[in-house]
>>> print(open('start35.cif').read())   # mmCIF, C-alpha atoms
data_upload
#
loop_
_atom_site.label_atom_id
_atom_site.label_comp_id
_atom_site.auth_asym_id
_atom_site.auth_seq_id
_atom_site.Cartn_x
_atom_site.Cartn_y
_atom_site.Cartn_z
CA MET A 1 0.00 0.00 0.00
CA THR A 2 1.31 3.44 -0.86
CA GLN A 3 2.18 5.56 2.16
CA LYS A 4 0.57 8.99 2.39
CA ALA A 5 2.11 12.13 3.82
CA ASP A 6 0.94 15.71 4.26
CA ILE A 7 3.85 18.12 4.27
CA LEU A 8 3.40 21.74 5.31
CA LEU A 9 6.02 24.04 3.79
CA VAL A 10 6.45 27.41 5.51
CA ASP A 11 8.56 29.74 3.39
CA ASP A 12 8.22 33.42 2.55
CA ASP A 13 9.45 32.79 -0.98
CA PRO A 14 6.65 31.29 -3.13
CA ALA A 15 9.29 30.05 -5.60
CA GLU A 16 10.40 27.49 -3.00
CA ASN A 17 6.88 26.09 -2.98
CA LEU A 18 7.05 25.57 -6.75
CA ILE A 19 10.51 23.99 -6.53
CA LEU A 20 9.51 21.59 -3.74
CA ARG A 21 6.28 20.74 -5.54
CA GLY A 22 8.34 19.76 -8.58
CA LEU A 23 10.72 17.63 -6.52
CA ILE A 24 7.91 15.87 -4.69
CA LYS A 25 6.39 14.70 -7.97
CA LYS A 26 9.52 12.62 -8.47
CA VAL A 27 9.17 10.80 -5.14
CA SER A 28 7.84 7.32 -5.78
CA ASN A 29 6.09 5.04 -3.31
CA ILE A 30 4.86 7.88 -1.11
CA GLU A 31 1.80 9.90 -1.99
CA ILE A 32 2.63 13.40 -0.82
CA GLU A 33 0.26 16.31 -0.48
CA LEU A 34 2.14 19.58 -0.15
CA HIS A 35 0.49 22.45 1.72
CA TYR A 36 2.07 25.88 1.62
CA CYS A 37 2.02 28.82 4.02
CA GLN A 38 3.96 32.02 3.50
CA THR A 39 4.04 33.21 7.11
CA ILE A 40 4.27 31.65 10.54
CA GLU A 41 0.86 33.13 11.39
CA SER A 42 -0.80 31.35 8.47
CA ALA A 43 1.03 28.14 9.41
CA LEU A 44 -0.32 28.37 12.96
CA GLU A 45 -3.78 28.99 11.53
CA PHE A 46 -3.38 25.95 9.27
CA LEU A 47 -2.47 23.78 12.27
CA ARG A 48 -5.43 25.15 14.24
CA SER A 49 -7.75 24.21 11.39
CA GLY A 50 -7.11 20.56 12.24
CA LYS A 51 -6.09 19.57 8.72
CA PRO A 52 -3.66 16.66 8.76
CA VAL A 53 0.04 17.58 8.83
CA SER A 54 2.57 14.73 8.96
CA MET A 55 5.63 16.97 8.82
CA VAL A 56 6.54 20.65 8.71
CA LEU A 57 9.39 21.97 6.60
CA MET A 58 10.30 25.42 7.80
CA ASP A 59 12.46 27.98 6.09
CA ASN A 60 15.04 29.12 8.62
CA ARG A 61 14.58 32.83 8.11
CA LEU A 62 11.03 34.07 7.92
CA GLN A 63 10.57 37.82 8.14
CA PRO A 64 9.93 39.42 10.58
CA GLN A 65 10.99 36.54 12.86
CA ARG A 66 14.67 36.07 13.45
CA ASP A 67 15.08 32.40 12.56
CA PHE A 68 13.88 28.92 13.53
CA ARG A 69 14.65 29.61 17.18
CA GLU A 70 11.49 31.71 17.24
CA THR A 71 9.30 29.99 14.69
CA VAL A 72 9.70 26.33 15.71
CA PRO A 73 8.77 26.96 19.37
CA ALA A 74 5.67 28.81 18.12
CA LEU A 75 4.57 25.66 16.26
CA ARG A 76 5.28 23.51 19.32
CA HIS A 77 3.28 25.83 21.56
CA GLN A 78 0.42 25.30 19.17
CA GLY A 79 0.60 21.61 20.16
CA PHE A 80 2.18 20.22 16.99
CA ILE A 81 4.18 17.09 17.91
CA GLY A 82 5.06 15.85 14.42
CA PRO A 83 8.54 16.21 12.97
CA ILE A 84 9.81 19.67 12.01
CA GLY A 85 12.70 20.11 9.60
CA VAL A 86 14.54 23.40 9.16
CA ILE A 87 15.59 24.38 5.64
CA SER A 88 18.44 26.79 5.19
CA GLY A 89 20.77 28.03 2.50
CA SER A 90 23.64 27.50 4.93
CA LEU A 91 23.87 25.31 7.99
CA ALA A 92 27.09 26.96 9.15
CA ASP A 93 25.64 29.07 11.97
CA PRO A 94 26.55 27.54 15.35
CA TYR A 95 22.97 27.72 16.66
CA PHE A 96 22.03 24.89 14.32
CA GLN A 97 23.90 22.62 16.74
CA ASN A 98 21.14 23.23 19.29
CA LEU A 99 18.20 22.67 16.98
CA GLU A 100 16.66 20.04 19.24
CA GLU A 101 16.48 22.47 22.14
CA TYR A 102 14.17 24.60 20.06
CA GLY A 103 11.94 21.64 19.18
CA ALA A 104 13.25 21.00 15.65
CA ASP A 105 14.08 17.48 14.48
CA PHE A 106 16.48 17.90 11.61
CA ARG A 107 18.09 20.42 9.30
CA ILE A 108 18.74 20.31 5.60
CA ASP A 109 20.51 22.63 3.22
CA LYS A 110 18.37 23.91 0.33
CA SER A 111 20.86 22.54 -2.16
CA GLU A 112 20.63 19.07 -0.62
CA ILE A 113 16.89 18.66 -1.08
CA ASP A 114 16.25 16.18 -3.84
CA PRO A 115 13.67 13.40 -4.27
CA THR A 116 16.03 10.89 -2.57
CA ALA A 117 16.46 13.13 0.46
CA ILE A 118 12.71 13.77 0.73
CA GLU A 119 12.01 10.05 0.52
CA PHE A 120 14.65 9.26 3.15
CA ILE A 121 13.32 11.86 5.58
CA LEU A 122 9.74 10.66 5.21
CA ARG A 123 10.82 7.05 5.69
CA GLU A 124 12.86 8.05 8.73
CA TYR A 125 10.18 10.09 10.47
CA LEU A 126 6.88 8.71 9.29
CA ALA A 127 7.55 4.98 9.45
CA PRO A 128 5.45 3.31 12.13
CA SER A 129 7.56 3.18 15.27
CA MET B 130 31.08 12.28 22.85
CA ALA B 131 34.85 12.29 23.22
CA ARG B 132 36.41 14.63 20.72
CA LEU B 133 39.01 13.33 18.35
CA LEU B 134 42.53 14.71 18.29
CA GLU B 135 43.78 16.79 15.40
CA ASN B 136 46.05 13.83 14.71
CA HIS B 137 42.97 12.16 13.25
CA ARG B 138 43.01 13.82 9.87
CA ARG B 139 39.56 14.35 8.49
CA TYR B 140 40.47 16.93 5.88
CA ASP B 141 37.49 18.59 4.16
CA LEU B 142 34.95 16.52 6.06
CA ARG B 143 36.03 17.67 9.48
CA ASP B 144 33.52 20.49 9.99
CA ASP B 145 30.52 18.56 8.68
CA LEU B 146 31.37 15.53 10.81
CA GLU B 147 31.95 17.57 13.95
CA LYS B 148 28.54 19.19 13.53
CA ALA B 149 26.59 16.01 12.74
CA LEU B 150 23.85 15.36 15.28
CA ASN B 151 21.50 12.72 13.94
CA ARG B 152 20.78 10.21 11.17
CA VAL B 153 19.53 12.90 8.79
CA ASP B 154 22.91 14.64 9.06
CA PHE B 155 24.72 11.39 8.24
CA PHE B 156 22.31 10.75 5.39
CA ARG B 157 23.25 14.20 4.03
CA ILE B 158 26.97 13.50 4.42
CA PHE B 159 26.97 10.05 2.79
CA HIS B 160 24.46 11.01 0.09
CA THR B 161 26.54 14.05 -0.90
CA MET B 162 29.70 11.92 -0.80
CA ALA B 163 28.17 9.38 -3.21
CA LEU B 164 27.06 12.08 -5.65
CA ARG B 165 30.43 13.86 -5.48
CA PHE B 166 32.20 10.75 -6.72
CA GLY B 167 29.71 9.98 -9.48
CA PHE B 168 27.64 7.37 -7.64
CA ASN B 169 23.88 7.52 -7.23
CA HIS B 170 23.37 5.80 -3.89
CA PHE B 171 25.04 4.67 -0.71
CA GLY B 172 24.33 1.99 1.88
CA ILE B 173 25.92 1.05 5.18
CA LEU B 174 25.84 -2.67 5.71
CA GLN B 175 26.22 -4.41 9.04
CA LEU B 176 28.19 -7.62 8.76
CA GLY B 177 27.56 -10.61 10.95
CA ASN B 178 28.73 -14.16 10.97
CA GLU B 179 29.35 -15.33 7.42
CA ASN B 180 27.15 -18.38 7.84
CA ASP B 181 24.20 -16.61 9.43
CA ALA B 182 21.07 -16.28 7.32
CA CYS B 183 21.26 -12.78 6.01
CA MET B 184 18.87 -10.42 4.27
CA LEU B 185 20.03 -7.24 2.57
CA SER B 186 17.13 -5.17 3.90
CA THR B 187 17.79 -6.02 7.55
CA ARG B 188 21.55 -5.48 7.26
CA LEU B 189 21.33 -1.95 5.87
CA VAL B 190 21.59 0.41 8.83
CA LEU B 191 21.44 3.59 6.72
CA HIS B 192 20.93 3.96 3.00
CA ASP B 193 19.39 6.09 0.29
CA LEU B 194 18.32 3.27 -2.04
CA PRO B 195 14.92 3.65 -3.68
CA SER B 196 12.16 2.69 -1.28
CA GLY B 197 11.44 -1.04 -1.34
CA LEU B 198 14.44 -2.01 -3.50
CA ALA B 199 16.23 -4.00 -0.79
CA GLU B 200 12.98 -5.69 0.30
CA GLU B 201 12.19 -6.61 -3.31
CA TYR B 202 15.73 -7.97 -3.71
CA ASP B 203 15.27 -10.16 -0.61
CA LYS B 204 12.07 -11.65 -2.03
CA ARG B 205 13.91 -12.83 -5.14
CA HIS B 206 17.49 -13.49 -4.07
CA ARG B 207 19.61 -14.64 -1.19
CA PHE B 208 22.11 -11.96 -0.23
CA GLY B 209 24.23 -14.56 1.58
CA ASP B 210 24.74 -16.43 -1.74
CA SER B 211 26.19 -13.42 -3.57
CA LEU B 212 29.88 -13.44 -4.33
CA PHE B 213 30.08 -9.90 -2.99
CA TYR B 214 28.77 -10.91 0.43
CA LYS B 215 31.16 -13.85 0.66
CA THR B 216 34.19 -11.71 -0.18
CA LEU B 217 33.35 -9.30 2.65
CA HIS B 218 34.33 -12.15 4.93
CA THR B 219 37.51 -12.92 3.01
CA SER B 220 39.26 -9.57 2.94
CA ILE B 221 39.03 -6.02 4.25
CA ILE B 222 40.53 -4.53 1.08
CA SER B 223 38.19 -2.08 -0.59
CA SER B 224 36.60 -3.65 -3.66
CA VAL B 225 35.10 -2.40 -6.93
CA TRP B 226 32.48 -4.45 -8.74
CA ARG B 227 30.97 -4.17 -12.17
CA SER B 228 27.81 -5.78 -13.42
CA ASP B 229 29.76 -7.57 -16.15
CA ASP B 230 32.37 -9.03 -13.80
CA PRO B 231 33.42 -12.46 -14.98
CA GLY B 232 33.35 -15.36 -12.58
CA CYS B 233 29.92 -14.74 -11.10
CA ALA B 234 27.66 -17.75 -11.41
CA ASN B 235 23.91 -17.28 -11.75
CA GLY B 236 22.40 -15.91 -8.59
CA GLN B 237 25.72 -14.56 -7.37
CA ASN B 238 25.94 -11.22 -9.13
CA LEU B 239 24.58 -8.65 -6.71
CA LEU B 240 24.86 -5.76 -9.16
CA VAL B 241 22.81 -7.46 -11.86
CA GLN B 242 20.24 -8.42 -9.26
CA LEU B 243 19.99 -4.86 -7.93
CA GLY B 244 20.12 -3.21 -11.36
CA PHE B 245 23.30 -1.13 -11.01
CA GLU B 246 26.50 -1.04 -13.05
CA LEU B 247 29.14 -0.18 -10.47
CA LEU B 248 29.63 -0.91 -6.78
CA LEU B 249 32.41 0.29 -4.54
CA SER B 250 32.69 -1.30 -1.12
CA VAL B 251 34.72 0.07 1.77
CA PRO B 252 34.96 -2.33 4.72
CA VAL B 253 34.99 -0.45 8.04
CA HIS B 254 34.71 -1.31 11.69
CA ALA B 255 33.79 0.25 15.03
CA ALA B 256 36.84 1.32 16.99
CA ALA B 257 35.28 0.43 20.36
CA THR B 258 33.98 -3.04 19.60
CA GLY B 259 35.50 -4.17 16.34
CA ALA B 260 31.99 -4.71 14.94
CA ARG B 261 32.26 -4.91 11.18
CA TYR B 262 30.38 -2.90 8.59
CA ALA B 263 30.85 -1.95 4.93
CA VAL B 264 30.06 1.38 3.28
CA LEU B 265 28.72 0.74 -0.23
CA PHE B 266 28.41 3.17 -3.11
CA LEU B 267 26.24 2.20 -6.07
CA GLY B 268 25.92 3.81 -9.47
CA ASP B 269 25.93 3.43 -13.20
CA GLY B 270 29.48 4.56 -13.97
CA ASN B 271 32.06 2.37 -15.69
CA ASP B 272 34.82 2.47 -13.12
CA ILE B 273 36.48 4.71 -10.55
CA ALA B 274 40.00 6.09 -10.92
CA ARG B 275 42.69 5.28 -8.38
CA SER B 276 42.93 8.71 -6.72
CA GLU B 277 39.14 9.04 -6.40
CA HIS B 278 38.99 5.51 -5.03
CA PHE B 279 41.54 6.38 -2.34
CA GLU B 280 39.80 9.61 -1.45
CA LEU B 281 36.33 8.13 -1.29
CA SER B 282 37.56 5.19 0.81
CA TYR B 283 39.25 7.54 3.27
CA ASP B 284 36.18 9.79 3.52
CA ALA B 285 33.92 6.78 4.02
CA VAL B 286 36.06 5.55 6.92
CA CYS B 287 35.98 9.01 8.56
CA ALA B 288 32.23 9.44 8.13
CA PHE B 289 31.47 5.92 9.32
CA ASP B 290 33.60 6.47 12.44
CA TYR B 291 31.40 9.43 13.44
CA PHE B 292 28.20 7.71 12.37
CA TYR B 293 28.98 4.73 14.57
CA ARG B 294 29.92 6.75 17.62
CA ILE B 295 26.96 9.13 17.34
CA ALA B 296 24.18 6.91 16.00
CA LEU B 297 25.01 3.23 16.29
CA SER B 298 27.11 2.63 19.38
CA ASN B 299 25.71 1.04 22.47
CA LYS B 300 25.89 3.86 24.96
CA ALA B 301 25.42 1.62 28.04
CA GLY B 302 26.93 3.10 31.18
CA MET B 303 27.11 6.64 29.81
CA GLY B 304 25.50 9.46 31.75
CA LEU B 305 22.10 10.87 30.80
CA THR B 306 21.86 14.35 29.33
CA PRO B 307 19.60 16.92 31.08
CA ARG B 308 16.96 16.45 28.35
CA GLU B 309 17.06 12.66 28.74
CA THR B 310 16.70 12.98 32.52
CA GLU B 311 13.72 15.28 32.02
CA ILE B 312 12.04 12.78 29.69
CA LEU B 313 12.79 9.96 32.11
CA LYS B 314 11.10 11.94 34.87
CA TRP B 315 7.93 12.34 32.80
CA ILE B 316 7.97 8.64 31.88
CA SER B 317 8.14 7.84 35.59
CA HIS B 318 5.03 10.01 36.01
CA GLY B 319 3.22 7.73 33.59
CA LYS B 320 3.10 10.13 30.65
CA THR B 321 2.93 8.80 27.08
CA ALA B 322 5.38 9.82 24.35
CA SER B 323 2.86 12.19 22.76
CA GLU B 324 2.07 13.79 26.11
CA ILE B 325 5.76 14.27 26.85
CA ALA B 326 6.25 15.78 23.39
CA LEU B 327 3.59 18.39 24.22
CA ILE B 328 5.05 19.10 27.66
CA VAL B 329 8.67 19.40 26.51
CA SER B 330 7.86 21.10 23.16
CA VAL B 331 9.59 18.62 20.90
CA SER B 332 8.29 16.07 18.39
CA GLU B 333 7.04 12.65 19.42
CA HIS B 334 9.84 11.24 17.25
CA THR B 335 12.42 13.05 19.40
CA VAL B 336 10.85 11.70 22.60
CA ASN B 337 10.96 8.15 21.21
CA SER B 338 14.54 8.60 20.13
CA HIS B 339 15.55 9.89 23.60
CA THR B 340 13.69 6.98 25.19
CA ALA B 341 15.62 4.50 23.02
CA THR B 342 18.89 6.16 24.06
CA ILE B 343 17.93 6.02 27.76
CA LEU B 344 17.14 2.30 27.41
CA LYS B 345 20.61 1.77 25.93
CA LYS B 346 22.40 3.90 28.47
CA LEU B 347 20.71 2.28 31.46
CA ASP B 348 21.06 -1.14 29.82
CA VAL B 349 17.40 -2.03 30.30
CA VAL B 350 14.78 -3.47 27.97
CA ASN B 351 11.54 -1.61 28.71
CA ARG B 352 10.11 1.51 30.30
CA THR B 353 9.16 -0.25 33.53
CA GLN B 354 12.66 -1.59 34.07
CA MET B 355 13.99 1.83 33.03
CA VAL B 356 12.07 3.65 35.76
CA ALA B 357 12.89 0.99 38.38
CA LYS B 358 16.61 1.21 37.62
CA ALA B 359 16.56 5.02 37.48
CA ILE B 360 15.03 5.14 40.98
CA ARG B 361 17.45 2.52 42.26
CA GLU B 362 20.39 4.47 40.84
CA GLN B 363 18.90 7.70 42.26
CA ILE B 364 18.79 9.37 38.83
CA ILE B 365 15.20 10.32 39.67
CA GLN B 366 13.41 10.41 43.03
#
>>> encode(input="start35.cif", output="structure tokens")
Amino acid sequence: MTQKADILLVDDDPAENLILRGLIKKVSNIEIELHYCQTIESALEFLRSGKPVSMVLMDNRLQPQRDFRETVPALRHQGFIGPIGVISGSLADPYFQNLEEYGADFRIDKSEIDPTAIEFILREYLAPS
Amino acid sequence: MARLLENHRRYDLRDDLEKALNRVDFFRIFHTMALRFGFNHFGILQLGNENDACMLSTRLVLHDLPSGLAEEYDKRHRFGDSLFYKTLHTSIISSVWRSDDPGCANGQNLLVQLGFELLLSVPVHAAATGARYAVLFLGDGNDIARSEHFELSYDAVCAFDYFYRIALSNKAGMGLTPRETEILKWISHGKTASEIALIVSVSEHTVNSHTATILKKLDVVNRTQMVAKAIREQIIQ
């Protein structure tokens, strides 16, 4: 049976939504529905609506918030206990070493996101434990 | 985790390896490594006793192969019969395999069975226990040149060393981190993983992963024994 996953992408650049949508089409064996929110407020609203979200992919820097250290806790305070991945153009900043303290699960560089990486992450986090 | 000395030369990989925290980070490192050297996929294989029944899917501890490929392989073939598997128990020299290698009888050619052209295997082991593994790179190239072969083999050894110590090693006897102690306290209060995730503001996956680490560190097999031992050892009241 094909696995299903609802991914919520939060990114202030709509182009990233188009890029990820294109990559997701190439993922086989997992039926992925991609939802997109441009701001953290709309993402919180989406979570409140009760629509299914298996995983959140969050752009590290969302204006006007500083970075994931502010946005990920906001999602957690909303009661979301699924996996949250932080997407960044560079993982060099030292605060990425403490991502778990802020409630995030993993980090990935924008340039590293390809269908294989998406499939791996979904297998890793959505497989029945 | 004990830091390595600068004597352990890790070259360009040093920063990435020092920052790696979890399996996704090691996936990123090995996946990028495979692509950089012209391969499409990687797999880390745990080796056991040569004569044990052995399935490819259960021996792969981390890989980026297409979903279901290893399981499909296991339905049709016996990994233990492949010439490749047998040679892993003959020598620790890195090996390169091509789908048209001569000398492979029917049912022995792993590459043909998996549908790839080229396989590079780097045997590795855990420094603490000697447990044996092999890092595999799979692709459709014709061959790999000597200098690239050396470099990739060296990088694979470095990356596996970190992967083992951070993700695979049995951490029995090691101290609990503050976060692990906090989760242990909530488990002792009878909270479920999802409840703890809400309380601590992390994902349920993170709670389960901490719980698995606590089980290893306390050398116990379930949550009941975990709490009993933690009280006995005065980790929690």
>>> residues_around(input="start35.cif", residues="Gln354 in chain B", least_positions_apart="5", cutoff="9 Å", atoms="all atoms listed in the file", output="PyMOL selection string")
chain B and resi 344+349+359
>>> interface_residues(input="start35.cif", of="chain B", to="chain A", cutoff="10 Å", atoms="only C-alpha atoms", output="VMD selection string")
chain B and resid 144 to 145 147 to 154 156 to 158 160 to 161 169 to 170 191 to 197 308 322 to 337
>>> resolve_selection(input="start35.cif", expression="the PyMOL selection byres ((chain B and resi 340) around 10)", output="ChimeraX atom specification")
/B:309-310,312-313,316,322,334-339,341-346,351-352,355
>>> residues_around(input="start35.cif", residues="Ala288 in chain B", least_positions_apart="3", cutoff="9 Å", atoms="all atoms listed in the file", output="list in words")
Arg139, Leu142, Leu146, Phe155, Ile158, Phe159, Tyr283, Asp284, Ala285, Tyr291, Phe292 and Tyr293 of chain B
>>> resolve_selection(input="start35.cif", expression="the PyMOL selection byres ((chain A and resi 8) around 7)", output="MDAnalysis selection string")
chainID A and resid 6:7 9:10 34:36 53 55:57
>>> residues_around(input="start35.cif", residues="range 363-365 of chain B", least_positions_apart="3", cutoff="10 Å", atoms="only C-alpha atoms", output="PyMOL selection string")
chain B and resi 304-305+310-311+313-314+317+356-360
>>> resolve_selection(input="start35.cif", expression="the PyMOL selection byres ((chain A and resi 89) around 8)", output="number ranges by chain")
A: 87-88, 90-91, 109-111
>>> atom_distance(input="start35.cif", atom1="CA of Leu248 in chain B", atom2="CA of Lys26 in chain A")
24.3 Å
>>> atom_distance(input="start35.cif", atom1="CA of Ser223 in chain B", atom2="CA of His254 in chain B")
12.8 Å
>>> atom_distance(input="start35.cif", atom1="CA of Val86 in chain A", atom2="CA of Gly172 in chain B")
24.6 Å
>>> closest_residue(input="start35.cif", among="A:Ser49, A:Asn60, A:Gln65, A:Thr39", to="Pro14 in chain A", atoms="all atoms listed in the file")
A:Thr39
>>> closest_residue(input="start35.cif", among="B:Tyr214, B:Phe168, B:Tyr262, B:Tyr202", to="Gly244 in chain B", atoms="all atoms listed in the file")
B:Tyr202
>>> closest_residue(input="start35.cif", among="A:Lys25, A:Asp67, A:Lys4, A:Asp12", to="Asp114 in chain A", atoms="only C-alpha atoms")
A:Lys25
>>> residues_around(input="start35.cif", residues="Asp13 in chain A", least_positions_apart="3", cutoff="8 Å", atoms="all atoms listed in the file", output="list in words")
Glu16, Asn17 and Gln38 of chain A
>>> residues_around(input="start35.cif", residues="Gly236 in chain B", least_positions_apart="4", cutoff="12 Å", atoms="only C-alpha atoms", output="NGL selection string")
:B and (202 or 205-213 or 232 or 240-243)
>>> build_atoms(input="start35.cif", residues="range 262-278 of chain B", atoms="N, CA and C atoms", output="PDB file, in the coordinates of the input")
ATOM      1  N   TYR B 262      31.362  -3.479   9.499  1.00  0.00           N
ATOM      2  CA  TYR B 262      30.380  -2.900   8.590  1.00  0.00           C
ATOM      3  C   TYR B 262      31.058  -2.697   7.234  1.00  0.00           C
ATOM      4  N   ALA B 263      30.270  -2.353   6.217  1.00  0.00           N
ATOM      5  CA  ALA B 263      30.850  -1.950   4.930  1.00  0.00           C
ATOM      6  C   ALA B 263      30.040  -0.768   4.406  1.00  0.00           C
ATOM      7  N   VAL B 264      30.745   0.249   3.916  1.00  0.00           N
ATOM      8  CA  VAL B 264      30.060   1.380   3.280  1.00  0.00           C
ATOM      9  C   VAL B 264      30.044   1.109   1.776  1.00  0.00           C
ATOM     10  N   LEU B 265      28.859   1.057   1.199  1.00  0.00           N
ATOM     11  CA  LEU B 265      28.720   0.740  -0.230  1.00  0.00           C
ATOM     12  C   LEU B 265      28.303   1.988  -1.005  1.00  0.00           C
ATOM     13  N   PHE B 266      28.842   2.106  -2.201  1.00  0.00           N
ATOM     14  CA  PHE B 266      28.410   3.170  -3.110  1.00  0.00           C
ATOM     15  C   PHE B 266      27.980   2.506  -4.416  1.00  0.00           C
ATOM     16  N   LEU B 267      26.797   2.841  -4.884  1.00  0.00           N
ATOM     17  CA  LEU B 267      26.240   2.200  -6.070  1.00  0.00           C
ATOM     18  C   LEU B 267      25.942   3.227  -7.148  1.00  0.00           C
ATOM     19  N   GLY B 268      26.199   2.862  -8.397  1.00  0.00           N
ATOM     20  CA  GLY B 268      25.920   3.810  -9.470  1.00  0.00           C
ATOM     21  C   GLY B 268      25.959   3.127 -10.822  1.00  0.00           C
ATOM     22  N   ASP B 269      25.943   3.965 -11.849  1.00  0.00           N
ATOM     23  CA  ASP B 269      25.930   3.430 -13.200  1.00  0.00           C
ATOM     24  C   ASP B 269      27.181   3.799 -13.981  1.00  0.00           C
ATOM     25  N   GLY B 270      28.233   4.230 -13.282  1.00  0.00           N
ATOM     26  CA  GLY B 270      29.480   4.560 -13.970  1.00  0.00           C
ATOM     27  C   GLY B 270      30.205   3.299 -14.437  1.00  0.00           C
ATOM     28  N   ASN B 271      31.301   3.513 -15.181  1.00  0.00           N
ATOM     29  CA  ASN B 271      32.060   2.370 -15.690  1.00  0.00           C
ATOM     30  C   ASN B 271      33.098   1.888 -14.709  1.00  0.00           C
ATOM     31  N   ASP B 272      33.757   2.846 -14.057  1.00  0.00           N
ATOM     32  CA  ASP B 272      34.820   2.470 -13.120  1.00  0.00           C
ATOM     33  C   ASP B 272      35.155   3.706 -12.298  1.00  0.00           C
ATOM     34  N   ILE B 273      36.043   3.551 -11.326  1.00  0.00           N
ATOM     35  CA  ILE B 273      36.480   4.710 -10.550  1.00  0.00           C
ATOM     36  C   ILE B 273      38.007   4.745 -10.617  1.00  0.00           C
ATOM     37  N   ALA B 274      38.545   5.953 -10.802  1.00  0.00           N
ATOM     38  CA  ALA B 274      40.000   6.090 -10.920  1.00  0.00           C
ATOM     39  C   ALA B 274      40.661   5.895  -9.558  1.00  0.00           C
ATOM     40  N   ARG B 275      41.942   5.597  -9.594  1.00  0.00           N
ATOM     41  CA  ARG B 275      42.690   5.280  -8.380  1.00  0.00           C
ATOM     42  C   ARG B 275      42.622   6.394  -7.324  1.00  0.00           C
ATOM     43  N   SER B 276      42.891   7.637  -7.721  1.00  0.00           N
ATOM     44  CA  SER B 276      42.930   8.710  -6.720  1.00  0.00           C
ATOM     45  C   SER B 276      41.550   8.938  -6.102  1.00  0.00           C
ATOM     46  N   GLU B 277      40.503   8.873  -6.938  1.00  0.00           N
ATOM     47  CA  GLU B 277      39.140   9.040  -6.400  1.00  0.00           C
ATOM     48  C   GLU B 277      38.781   7.867  -5.481  1.00  0.00           C
ATOM     49  N   HIS B 278      39.238   6.703  -5.859  1.00  0.00           N
ATOM     50  CA  HIS B 278      38.990   5.510  -5.030  1.00  0.00           C
ATOM     51  C   HIS B 278      39.621   5.692  -3.644  1.00  0.00           C
TER      52      HIS B 278
END
